[in-house]
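Enquirer: One structure is given below, represented as structure tokens, and several questions about it will come after.
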Amino acid sequence: MQHHLADRVAWITGAASGIGAATAKRFAAEGAKLALTDINPEALDAIAAEIGGDVFTMTGDVSKKDDTVAAGRAIEEHFGKIDVLICNAGINRDTFAMKMSEDKWDLVLNINLKGTFLCCQAAFPAMMRNKFGRIVTTASVGALGNPGQANYSASKAGVIGLTKTLAIEWARYNITANCVAPGATMTPMLAGVPDKVKDEMLKGIPLGRFGTPEDIAAAHLFFCSPDAGYVSGQVLFIDGGMTTGA
């Protein structure tokens, strides 16, 4: 069996649950060495124990530069390099724009957009030294606009612009940067949505089901595999056809 990520060191943020945890498990099965970070130490340790083997874990806040720099340095010190960065950590705090507090705006932008930037910046020195890197960021169908999500939509649209810029700036170091944009995916974030709202959401998905964390993990694997060596600056909407307009 071919292992597409054999001996690759992969740093996954927000790895304690949902898409991050699914990606960690998929990458482990593909031979990657894992560095998992999250703000929830107990859940992070549980995922690491489930995967087994040499899994490096570290808690921290992606919106704090000191935390991201410390993580990048610790991961490189532990494994000797960083090949892959999956920027998965993210939150939402939904409120209609006219009522949205400055705190809710700042919190979502700081974690989703600034946090992505800081993690990319923290992983860059190791990738530059090794002349190899695969960065995958996380946008959303919400980047196209969604009622009640001015902060979330703005943060995810910003992630797309950031990713495309990194793809240009860092190409000289053999670093690719791509973006996954999930639709409605069955994660803890979606599980908290009322059933009536979820039923309405399903009506807008041509495939008639919600995505799974494993669906997104498969896209993460593609972008980080040898098959995607000439793919950079791209955004892949993984949404069951939601954004077709059908």
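FYI, nothing fancy with the structure tokens labels: chains A, B, ... in order, residues from 1 per chain, ligands from 1 as they appear.
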So that I can see what lies close to Ser63 (chain A), please list as a compact mmCIF listing (two decimals) with C-alpha atoms, in the first residue's frame the residues with an atom at most 7 Å from it, counting only C-alpha atoms and leaving out residues fewer than 3 positions away in the same chain.
Expert:
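Dumped to result.txt:
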# COMPACT_ATOMS: atom_id res chain seq x y z
CA ASN A 110 -8.58 37.21 15.16
CA ILE A 111 -8.94 33.43 15.22
CA LYS A 114 -5.19 36.50 11.90
CA GLY A 115 -4.72 33.01 13.35
Enquirer: Do a neighbour search on region 156-162 of chain A at 12 Å with only C-alpha atoms, toss out local chain neighbours closer than 2 positions, and write the hits as an MDAnalysis selection string.
Expert: chainID A and resid 87:92 108:118 120:121 135:146 149:154 164:170 177:182 233:237
Enquirer: Among the residues of region 11-162 of chain A, find those DSSP assigns to strand (DSSP E) from the backbone and print them as a CSV table (one decimal) with N, CA and C atoms, in the first residue's frame.
Expert:
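Generated output (states26.csv):
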chain,number,residue,atom,x,y,z
A,11,TRP,N,1.7,19.7,10.6
A,11,TRP,CA,1.1,20.5,11.7
A,11,TRP,C,-0.3,20.7,11.4
A,12,ILE,N,-1.2,20.3,12.2
A,12,ILE,CA,-2.7,20.5,12.1
A,12,ILE,C,-3.2,21.3,13.2
A,13,THR,N,-3.8,22.4,13.0
A,13,THR,CA,-4.4,23.3,14.0
A,13,THR,C,-5.8,22.9,14.2
A,33,LYS,N,4.0,12.1,10.0
A,33,LYS,CA,4.3,12.3,11.4
A,33,LYS,C,3.5,13.6,11.9
A,34,LEU,N,2.8,13.4,13.0
A,34,LEU,CA,1.8,14.4,13.3
A,34,LEU,C,2.2,15.4,14.4
A,35,ALA,N,2.0,16.7,14.2
A,35,ALA,CA,2.1,17.7,15.2
A,35,ALA,C,0.7,18.3,15.3
A,36,LEU,N,0.0,18.1,16.4
A,36,LEU,CA,-1.4,18.5,16.6
A,36,LEU,C,-1.5,19.6,17.6
A,37,THR,N,-2.1,20.7,17.3
A,37,THR,CA,-2.3,21.8,18.2
A,37,THR,C,-3.8,22.1,18.4
A,38,ASP,N,-4.2,22.6,19.5
A,38,ASP,CA,-5.5,23.0,19.8
A,38,ASP,C,-5.6,23.8,21.1
A,56,PHE,N,3.1,14.5,18.3
A,56,PHE,CA,3.5,15.7,19.1
A,56,PHE,C,2.2,16.6,19.3
A,57,THR,N,1.9,16.9,20.6
A,57,THR,CA,0.8,17.8,20.9
A,57,THR,C,1.2,19.0,21.6
A,58,MET,N,0.5,20.1,21.4
A,58,MET,CA,0.8,21.4,22.1
A,58,MET,C,-0.4,22.2,22.1
A,59,THR,N,-0.7,22.8,23.3
A,59,THR,CA,-1.9,23.7,23.4
A,59,THR,C,-1.5,25.1,23.1
A,84,VAL,N,4.1,20.2,6.2
A,84,VAL,CA,2.7,20.4,5.9
A,84,VAL,C,2.1,21.3,7.0
A,85,LEU,N,1.3,22.3,6.6
A,85,LEU,CA,0.5,23.0,7.6
A,85,LEU,C,-1.0,23.0,7.2
A,86,ILE,N,-1.8,22.5,8.1
A,86,ILE,CA,-3.3,22.5,7.8
A,86,ILE,C,-3.8,23.5,8.8
A,133,GLY,N,7.2,22.9,1.1
A,133,GLY,CA,6.0,23.2,2.0
A,133,GLY,C,4.7,23.0,1.3
A,134,ARG,N,3.7,22.5,2.1
A,134,ARG,CA,2.4,22.4,1.6
A,134,ARG,C,1.5,23.0,2.7
A,135,ILE,N,0.8,24.1,2.3
A,135,ILE,CA,-0.1,24.8,3.2
A,135,ILE,C,-1.5,24.7,2.7
A,136,VAL,N,-2.4,24.3,3.6
A,136,VAL,CA,-3.8,24.3,3.2
A,136,VAL,C,-4.6,25.1,4.3
A,137,THR,N,-5.3,26.1,3.9
A,137,THR,CA,-6.0,27.0,4.7
A,137,THR,C,-7.5,26.6,4.6
A,138,THR,N,-8.3,27.2,5.5
A,138,THR,CA,-9.8,26.8,5.5
A,138,THR,C,-10.6,28.0,5.3
Enquirer: Using DSSP secondary structure from the backbone, list all helix (DSSP H, G or I) positions within region 153-227 of chain A, as a PyMOL selection string.
Expert: chain A and resi 153-169+171-173+188-191+195-203+213-224+226-227
Enquirer: Include N, CA and C atoms and write out the residues we just selected as a CSV table (one decimal), in the first residue's frame.
Expert:
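What follows is the written file selection-v3.csv:
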chain,number,residue,atom,x,y,z
A,153,SER,N,-18.0,35.5,7.4
A,153,SER,CA,-17.8,35.6,6.0
A,153,SER,C,-16.6,36.5,5.6
A,154,ALA,N,-16.5,37.6,6.3
A,154,ALA,CA,-15.3,38.5,6.1
A,154,ALA,C,-14.0,37.7,6.4
A,155,SER,N,-14.0,37.0,7.5
A,155,SER,CA,-12.8,36.3,7.8
A,155,SER,C,-12.4,35.2,6.8
A,156,LYS,N,-13.4,34.5,6.3
A,156,LYS,CA,-13.1,33.4,5.3
A,156,LYS,C,-12.8,34.0,3.9
A,157,ALA,N,-13.4,35.1,3.6
A,157,ALA,CA,-13.0,35.7,2.3
A,157,ALA,C,-11.6,36.2,2.4
A,158,GLY,N,-11.2,36.7,3.6
A,158,GLY,CA,-9.8,37.1,3.8
A,158,GLY,C,-8.8,36.0,3.7
A,159,VAL,N,-9.2,34.8,4.2
A,159,VAL,CA,-8.4,33.7,4.1
A,159,VAL,C,-8.1,33.3,2.7
A,160,ILE,N,-9.1,33.4,1.8
A,160,ILE,CA,-8.8,33.2,0.4
A,160,ILE,C,-7.8,34.1,-0.2
A,161,GLY,N,-7.9,35.4,0.1
A,161,GLY,CA,-7.0,36.4,-0.4
A,161,GLY,C,-5.6,36.1,0.1
A,162,LEU,N,-5.5,35.8,1.4
A,162,LEU,CA,-4.2,35.5,2.1
A,162,LEU,C,-3.6,34.3,1.4
A,163,THR,N,-4.3,33.3,1.2
A,163,THR,CA,-3.8,32.0,0.6
A,163,THR,C,-3.2,32.3,-0.8
A,164,LYS,N,-4.0,33.0,-1.6
A,164,LYS,CA,-3.5,33.3,-3.0
A,164,LYS,C,-2.2,34.1,-3.0
A,165,THR,N,-2.1,35.0,-2.0
A,165,THR,CA,-0.9,35.9,-1.9
A,165,THR,C,0.3,35.0,-1.5
A,166,LEU,N,0.1,34.1,-0.5
A,166,LEU,CA,1.2,33.2,-0.1
A,166,LEU,C,1.6,32.3,-1.2
A,167,ALA,N,0.7,31.9,-2.0
A,167,ALA,CA,1.0,31.0,-3.2
A,167,ALA,C,1.9,31.7,-4.1
A,168,ILE,N,1.8,33.0,-4.2
A,168,ILE,CA,2.7,33.8,-5.1
A,168,ILE,C,4.0,34.1,-4.4
A,169,GLU,N,4.0,34.6,-3.2
A,169,GLU,CA,5.2,35.0,-2.5
A,169,GLU,C,6.1,33.9,-2.2
A,171,ALA,N,6.2,30.7,-3.6
A,171,ALA,CA,6.5,29.7,-4.6
A,171,ALA,C,7.9,29.5,-4.9
A,172,ARG,N,8.8,30.5,-4.7
A,172,ARG,CA,10.2,30.4,-4.9
A,172,ARG,C,10.9,29.4,-4.0
A,173,TYR,N,10.2,29.1,-2.9
A,173,TYR,CA,10.7,28.2,-1.9
A,173,TYR,C,10.1,26.8,-2.0
A,188,PRO,N,-19.0,19.7,15.3
A,188,PRO,CA,-19.6,20.2,16.5
A,188,PRO,C,-20.3,21.6,16.2
A,189,MET,N,-19.7,22.4,15.3
A,189,MET,CA,-20.2,23.7,15.0
A,189,MET,C,-21.6,23.6,14.3
A,190,LEU,N,-21.8,22.6,13.4
A,190,LEU,CA,-23.1,22.4,12.8
A,190,LEU,C,-24.1,21.7,13.7
A,191,ALA,N,-23.6,20.8,14.5
A,191,ALA,CA,-24.4,20.0,15.4
A,191,ALA,C,-25.3,20.9,16.3
A,195,ASP,N,-32.6,21.7,14.4
A,195,ASP,CA,-33.0,20.8,13.4
A,195,ASP,C,-33.8,21.4,12.2
A,196,LYS,N,-34.6,22.3,12.6
A,196,LYS,CA,-35.5,23.0,11.6
A,196,LYS,C,-34.6,23.8,10.6
A,197,VAL,N,-33.5,24.4,11.1
A,197,VAL,CA,-32.6,25.2,10.2
A,197,VAL,C,-31.8,24.2,9.4
A,198,LYS,N,-31.4,23.1,10.0
A,198,LYS,CA,-30.6,22.1,9.2
A,198,LYS,C,-31.5,21.5,8.1
A,199,ASP,N,-32.7,21.3,8.3
A,199,ASP,CA,-33.6,20.8,7.3
A,199,ASP,C,-33.7,21.7,6.1
A,200,GLU,N,-33.7,23.0,6.4
A,200,GLU,CA,-33.8,24.0,5.3
A,200,GLU,C,-32.4,24.0,4.6
A,201,MET,N,-31.3,23.9,5.3
A,201,MET,CA,-30.0,23.9,4.7
A,201,MET,C,-29.9,22.7,3.7
A,202,LEU,N,-30.4,21.6,4.1
A,202,LEU,CA,-30.4,20.4,3.2
A,202,LEU,C,-31.0,20.6,1.9
A,203,LYS,N,-32.1,21.4,1.9
A,203,LYS,CA,-32.8,21.7,0.6
A,203,LYS,C,-31.9,22.4,-0.4
A,213,PRO,N,-16.5,15.2,8.1
A,213,PRO,CA,-15.1,15.7,8.3
A,213,PRO,C,-14.2,14.9,7.4
A,214,GLU,N,-14.5,13.6,7.1
A,214,GLU,CA,-13.7,12.8,6.3
A,214,GLU,C,-13.7,13.3,4.8
A,215,ASP,N,-14.8,13.9,4.4
A,215,ASP,CA,-14.8,14.5,3.0
A,215,ASP,C,-13.7,15.6,2.9
A,216,ILE,N,-13.6,16.4,3.9
A,216,ILE,CA,-12.7,17.5,3.9
A,216,ILE,C,-11.2,17.0,4.1
A,217,ALA,N,-11.1,15.9,4.9
A,217,ALA,CA,-9.8,15.3,5.1
A,217,ALA,C,-9.2,14.8,3.8
A,218,ALA,N,-10.1,14.3,3.0
A,218,ALA,CA,-9.6,13.7,1.7
A,218,ALA,C,-9.1,14.8,0.8
A,219,ALA,N,-9.7,16.0,0.8
A,219,ALA,CA,-9.2,17.2,0.1
A,219,ALA,C,-7.8,17.6,0.6
A,220,HIS,N,-7.7,17.7,2.0
A,220,HIS,CA,-6.5,18.0,2.6
A,220,HIS,C,-5.3,17.1,2.1
A,221,LEU,N,-5.7,15.8,2.0
A,221,LEU,CA,-4.7,14.8,1.6
A,221,LEU,C,-4.3,15.1,0.2
A,222,PHE,N,-5.2,15.4,-0.7
A,222,PHE,CA,-4.9,15.6,-2.1
A,222,PHE,C,-3.9,16.8,-2.2
A,223,PHE,N,-4.2,17.9,-1.6
A,223,PHE,CA,-3.4,19.1,-1.7
A,223,PHE,C,-2.0,18.9,-1.2
A,224,CYS,N,-1.8,17.9,-0.2
A,224,CYS,CA,-0.5,17.7,0.4
A,224,CYS,C,0.2,16.5,-0.2
A,226,PRO,N,1.9,14.1,-3.5
A,226,PRO,CA,2.7,14.4,-4.7
A,226,PRO,C,1.8,14.7,-5.9
A,227,ASP,N,0.6,14.2,-5.9
A,227,ASP,CA,-0.3,14.5,-7.1
A,227,ASP,C,-0.6,15.9,-7.2
Enquirer: How many Å separate CA of Ala28 (chain A) from CA of Gly60 (chain A)?
Expert: 21.9 Å
